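One structure is given here, and the rest of the page talks about it.
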Amino acid sequence: MFAITGTPGVGKTTVSEILRRKGYRVIHINEVAEYYGCLSREGDELVVDLDCLDGRFDPYEWECDFVEGHLSHHIADRCAVLRCHPAELLERMKGKGWDEDKILENLEAEIVDFILVESLEMCAEVHEIDTTGKTPHEVARIVESIYLRQTASPPGNVDWISEIGGEIDRFIRKRL
Ligand SMILES: Nc1ncnc2c1ncn2[C@@H]1O[C@H](COP(=O)(O)OP(=O)(O)OP(=O)(O)O)[C@@H](O)[C@H]1O
């Protein structure tokens with residue numbers, strides 16, 4: 001399976017919807033988890049139990065092109081990690097109406113490459129796409145061409161810590 005992953009708010013769902021409209025079969029990891037009885041609700045949040053999924057998930061049961069979600073790299077062998085400069089990601093997150101704690105937690109995860117590092121541990125083939133300044137359609141086209149093996153986008157070109165001078169907390173709080 002090919003995962004579209006990345007920090008919450010980076011644009012996975014938006015890009016997935018474009019690919020769906022192009023005729024690709026895209027599922028959300030929550031649907032997979034629910035099918036195997038590995039999805040629970042904690043307050044407002046749906047939580048995927050990765051240990052549960054690990055023992056039950058069978059990729060051959062799923063006829064799909066893409067799986068999306070910020071945990072989707074856990075069940076895929078190929079993945080594209082969507083990245084976004086923290087200043088732009090902050091605006092995307094504010095646009096989604098998220099509270100300050102949720103924005104801070106996820107911005108920090110983006111800055112320290114959390115999903116990329118996990119993806120490199122989980123997937124045999126990892127691509128990294130900087131979505132900063134791109135439209136969702138441009139990002140969808142890049143994901144599509146990687147999926148079709150027409151292009152590659154190896155990880156290593158994103159370094160937010162250097163870009164914001166290491167003053168992560170000050171950088172974020174100034175903009176909130
Ligand atoms: N280049 C881009 N690619 C994707 N989304 C973008 C882009 N530019 C702006 N956006 C906007 O950023 C927001 C991203 O929200 P979206 O729900 O797609 O993120 P997500 O990564 O799926 O989040 P979650 O993990 O919480 O589901 C949308 O409002 C989208 O319109």
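By order in the structure tokens, chains are A, B, ...; within a chain, residues start at 1; ligands start at 1, following the order shown.
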(request) Write out as number ranges by chain each polymer residue whose atoms come within 7 Å of segment 4-11 of chain A, counting only C-alpha atoms; drop sequence neighbours fewer than 3 positions from it. (result) A: 14-15, 66-73, 79-84, 89, 92-93, 106, 109-110, 115
Distance query Glu34 of chain A at most 12 Å, only C-alpha atoms, self and fewer than 5 positions along chain excluded, as a PDB file with N, CA and C atoms, in the first residue's frame:
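What landed in out.pdb:
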```pdb
ATOM      1  N   ILE A  27      -8.331   5.106   0.880  1.00  0.00           N
ATOM      2  CA  ILE A  27      -9.027   4.845   2.146  1.00  0.00           C
ATOM      3  C   ILE A  27      -8.317   5.617   3.257  1.00  0.00           C
ATOM      4  N   HIS A  28      -9.038   5.825   4.347  1.00  0.00           N
ATOM      5  CA  HIS A  28      -8.439   6.461   5.526  1.00  0.00           C
ATOM      6  C   HIS A  28      -8.053   5.354   6.495  1.00  0.00           C
ATOM      7  N   ILE A  29      -6.952   5.531   7.192  1.00  0.00           N
ATOM      8  CA  ILE A  29      -6.508   4.480   8.132  1.00  0.00           C
ATOM      9  C   ILE A  29      -7.572   4.197   9.190  1.00  0.00           C
ATOM     10  N   LEU A  39     -10.314   0.559  16.459  1.00  0.00           N
ATOM     11  CA  LEU A  39     -10.561   2.008  16.535  1.00  0.00           C
ATOM     12  C   LEU A  39     -11.428   2.278  17.752  1.00  0.00           C
ATOM     13  N   SER A  40     -11.013   3.264  18.556  1.00  0.00           N
ATOM     14  CA  SER A  40     -11.851   3.611  19.706  1.00  0.00           C
ATOM     15  C   SER A  40     -12.021   5.123  19.763  1.00  0.00           C
ATOM     16  N   ARG A  41     -12.926   5.549  20.606  1.00  0.00           N
ATOM     17  CA  ARG A  41     -13.169   6.980  20.746  1.00  0.00           C
ATOM     18  C   ARG A  41     -12.695   7.445  22.117  1.00  0.00           C
ATOM     19  N   LEU A  46     -10.889  10.096  17.581  1.00  0.00           N
ATOM     20  CA  LEU A  46     -10.880   8.676  17.246  1.00  0.00           C
ATOM     21  C   LEU A  46      -9.437   8.195  17.350  1.00  0.00           C
ATOM     22  N   VAL A  47      -9.224   7.090  18.049  1.00  0.00           N
ATOM     23  CA  VAL A  47      -7.864   6.630  18.300  1.00  0.00           C
ATOM     24  C   VAL A  47      -7.648   5.257  17.662  1.00  0.00           C
ATOM     25  N   VAL A  48      -6.602   5.169  16.840  1.00  0.00           N
ATOM     26  CA  VAL A  48      -6.240   3.894  16.213  1.00  0.00           C
ATOM     27  C   VAL A  48      -5.284   3.162  17.152  1.00  0.00           C
ATOM     28  N   ASP A  49      -5.623   1.912  17.467  1.00  0.00           N
ATOM     29  CA  ASP A  49      -4.745   1.087  18.299  1.00  0.00           C
ATOM     30  C   ASP A  49      -3.770   0.360  17.369  1.00  0.00           C
ATOM     31  N   LEU A  50      -2.547   0.877  17.303  1.00  0.00           N
ATOM     32  CA  LEU A  50      -1.577   0.329  16.344  1.00  0.00           C
ATOM     33  C   LEU A  50      -1.145  -1.086  16.693  1.00  0.00           C
ATOM     34  N   CYS A  52      -3.001  -3.367  18.081  1.00  0.00           N
ATOM     35  CA  CYS A  52      -4.131  -4.200  17.655  1.00  0.00           C
ATOM     36  C   CYS A  52      -4.072  -4.409  16.143  1.00  0.00           C
ATOM     37  N   LEU A  53      -3.830  -3.328  15.415  1.00  0.00           N
ATOM     38  CA  LEU A  53      -3.801  -3.377  13.948  1.00  0.00           C
ATOM     39  C   LEU A  53      -2.638  -4.230  13.462  1.00  0.00           C
ATOM     40  N   ARG A  56      -3.521  -7.819  13.140  1.00  0.00           N
ATOM     41  CA  ARG A  56      -4.705  -8.195  12.346  1.00  0.00           C
ATOM     42  C   ARG A  56      -4.673  -7.716  10.902  1.00  0.00           C
ATOM     43  N   PHE A  57      -3.941  -6.647  10.623  1.00  0.00           N
ATOM     44  CA  PHE A  57      -4.001  -6.027   9.297  1.00  0.00           C
ATOM     45  C   PHE A  57      -3.398  -6.944   8.227  1.00  0.00           C
TER      46      PHE A  57
END
```
(message) What parts of segment 4-150 of chain A does DSSP call strand (DSSP E or B)? I'd like the answer as a ChimeraX atom specification.
(response) /A:4-6,26-28,39-42,45-48,66-68,78-83,125-130
(request) Would you please extract all alpha helix (DSSP H) residues from chain A, as assigned by DSSP on the backbone, and give them as a VMD selection string? (result) chain A and resid 12 to 21 29 to 35 50 to 56 86 to 95 100 to 111 114 to 122 136 to 147 160 to 163 168 to 175
(request) Check the smallest atom-to-atom distance from each of A:Val26, A:Ile111, A:Pro154, A:Glu125 to Ile172 of chain A using only C-alpha atoms, then report the winner. (result)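 Result for the nearest residue to Ile172 of chain A: A:Ile111.
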(request) Name the closest residue to Ser16 of chain A among the candidates A:Lys174, A:Lys96, A:Lys102, A:Arg141; distances are taken between atoms, counting only C-alpha atoms. (result) A:Arg141
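Between ligand 1 and the candidates A:Glu17, A:Cys64, A:Cys123, A:Asn157, the tightest atom-to-atom separation, counting only C-alpha atoms and all ligand atoms, involves A:Glu17.
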(request) Calculate how many Å separate atom 8 (N, counted along the ligand's line) of ligand 1 from atom CA of Arg149 of chain A, rounding to one decimal. (result)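 These atoms are spaced 23.9 Å apart.
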(request) Compile the contact shell of Trp160 of chain A as a list in words: residues with an atom at most 8 Å away, counting only C-alpha atoms, same-chain residues fewer than 4 positions apart removed. (result)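 The residues that qualify are His85, Pro86, Ile111, Val112 and Ile164 of chain A.
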Requested write-out: N, CA and C atoms of the selected residues, as a PDB file, in the first residue's frame:
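To be explicit, this is the file written out as selection.pdb:
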```pdb
ATOM      1  N   HIS A  85       6.205  24.286   5.667  1.00  0.00           N
ATOM      2  CA  HIS A  85       6.933  25.239   6.512  1.00  0.00           C
ATOM      3  C   HIS A  85       6.039  25.636   7.690  1.00  0.00           C
ATOM      4  N   PRO A  86       6.613  25.674   8.904  1.00  0.00           N
ATOM      5  CA  PRO A  86       5.802  25.950  10.105  1.00  0.00           C
ATOM      6  C   PRO A  86       4.957  27.222  10.006  1.00  0.00           C
ATOM      7  N   ILE A 111       8.162  20.365  13.092  1.00  0.00           N
ATOM      8  CA  ILE A 111       9.506  20.961  13.143  1.00  0.00           C
ATOM      9  C   ILE A 111      10.570  19.895  13.429  1.00  0.00           C
ATOM     10  N   VAL A 112      10.242  18.922  14.271  1.00  0.00           N
ATOM     11  CA  VAL A 112      11.251  17.905  14.611  1.00  0.00           C
ATOM     12  C   VAL A 112      11.172  16.670  13.705  1.00  0.00           C
ATOM     13  N   ILE A 164      14.271  28.167  11.000  1.00  0.00           N
ATOM     14  CA  ILE A 164      13.732  29.087  12.009  1.00  0.00           C
ATOM     15  C   ILE A 164      14.739  29.348  13.126  1.00  0.00           C
TER      16      ILE A 164
END
```
(message) Restricting the calculation to only C-alpha atoms and all ligand atoms: of A:Leu19, A:Val117, A:Leu148, A:Ala33, which residue gets closest to ligand 1?
(response)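 Nearest candidate to ligand 1 out of A:Leu19, A:Val117, A:Leu148, A:Ala33: A:Leu19.
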(request) Find, counting only C-alpha atoms, the residue in A:Glu100, A:Glu42, A:Asp113, A:Asp77 that gets nearest to Val158 of chain A. (result) A:Asp113
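Proximity of A:Ile75, A:Ala3, A:Gly43, A:Glu88 to Lys134 of chain A, computed with only C-alpha atoms, is greatest for A:Glu88.
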